[in-house]
There are 2 protein chains.
Amino acid sequence: MPCEVRVIGLAGVPELEEGDDLGLLLAEACGRAGGLDHGDVVVVAQKAVSKAEGRIVHLASVDPSPRAIELAGEEGDPRQVEVILRESAEVVRSRAPLVIARTPHGFVCASAGVDASNAKGPETVILLPVDPDASAAGLRERLAELTGIAPGVIVSDSFGRAWRQGTTDVALGVAGLTALRDLRGSHDAVGYELRSTLIAVADEIAGAAELVLGKSTGIPAAIVRGADVAGEGSGQDLVMPRDRDLFP
Amino acid sequence: MPCEVRVIGLAGVPELEEGDDLGLLLAEACGRAGGLDHGDVVVVAQKAVSKAEGRIVHLASVDPSPRAIELAGEEGDPRQVEVILRESAEVVRSRAPLVIARTPHGFVCASAGVDASNAKGPETVILLPVDPDASAAGLRERLAELTGIAPGVIVSDSFGRAWRQGTTDVALGVAGLTALRDLRGSHDAVGYELRSTLIAVADEIAGAAELVLGKSTGIPAAIVRGADVAGEGSGQDLVMPRDRDLFP
């Protein structure tokens, strides 16, 4: 077996509206890309999922709190910051108009994942799915129903990192694949126990998919083939438990 | 053009020794994989590079300082921690025997990148290359000389992250490709300026390669094809400048 992983962009998915059958649109796109294989992982951009789930807020309806006005500074939109605060369990850092927050899911990210880019107009913002693992599981089930193959599904988003420039795509929601590959107890070529024992394969798959998603705005999803990650992981596997976190 | 990225494992590279011509071994492995194409990126595991560069320390030669003994705690090897301290510009966090350090390159990572796993015996550790960008540039030059094609080259390593479980591979050294894709000023499908404007494509490529490298200990490198990242980046592009870092 050649040791190869392929990342295949899924084009032709139309601009999404609340209530759209995203699973059907993805199944059709997979068909145009030659169909799904057993073991495939379908990576879907969070924005596509959130739009189909109606996770959109019209800023005209938002009344900013004094704290939102303060955190927005002179450059930010206090209504947008108000939405960010409502989507946050905790503000981790802020430097107006930038807010790094911990979401109720446990994700630490810019703007609590609230995104104005590619929203449905200048006066709307897009929120993260309420339960990205459930979103992934629902898409997996729908794809299985329509194609006869239950792929792994990742709902991905672009996150910044501490200490490193630029974003990489990571896995917020996961269904039908291993999120963390556990090498504990396995041994390397010269027989010593491996030190780096937990590999965040779902994040690496999300990042690999971004290489295709990022090339064009018309590609909200990709198939990743050959990664050998069948399993039962969760996006929550990738969230560091607070009691183990050196950066809590 | 199909929108596809391929990650092709490079097998058959022997266990490396100081002074080995790693560029030649990679050129031969690329030949066995069907050859290089223009625009390919060759990702090489840091350990392979460090071994060929002789970045190995025999612990028997190390006399641990009192601070190393303290940081090692009861579980750690004080000689190994002493090497970590020598490779560190700054200790960022510690919880015995774990040390998170900033290296002279500016990388924040576990053990300052010092690695006992897959070393050449239980009494040796492997250090990061002195200048990973120079290592990447040297391999690029040698591959061009031998194959007629100058690929992008990434020297990769597995780093942990704040707030997220598991490691992902990132780019320490970069030659002949864009490390950060800058979307500032570009506009998305509905015409609004994009918010997430810097994409760490070299880190995403390193992570994609890990999906193949991690499957077997006999694959220290991979070709990533189709990512469209020709350019002149550096591993240092990915290091967050201290004055912009919210987590300094």
# chains A, B, ... in the order shown; residues from 1 in each chain; ligands from 1

$ select_by_dssp --residues "stretch 27-189 of chain B" --states "helix (DSSP H, G or I)" --output "ChimeraX atom specification"
/B:27-32,46-52,59-61,66-72,78-86,111-113,132-147

$ atom_distance --atom1 "atom CA of B:Cys3" --atom2 "atom CA of B:Gly39"
14.5 Å

$ residues_around --residues "stretch 18-24 of chain A" --least-positions-apart "6" --cutoff "8 Å" --atoms "only C-alpha atoms" --output "ChimeraX atom specification"
/A:49,51-54,139-140,142-143,146

$ residues_around --residues "A:Val42" --least-positions-apart "3" --cutoff "6 Å" --atoms "only C-alpha atoms" --output "PyMOL selection string"
chain A and resi 153+222-223

$ residues_around --residues "A:Gly214" --least-positions-apart "6" --cutoff "12 Å" --atoms "only C-alpha atoms" --output "number ranges by chain"
A: 9, 45, 157-158, 167-169, 206-208, 220-222; B: 3-5, 181-183, 188, 194, 196-201, 204, 227-229
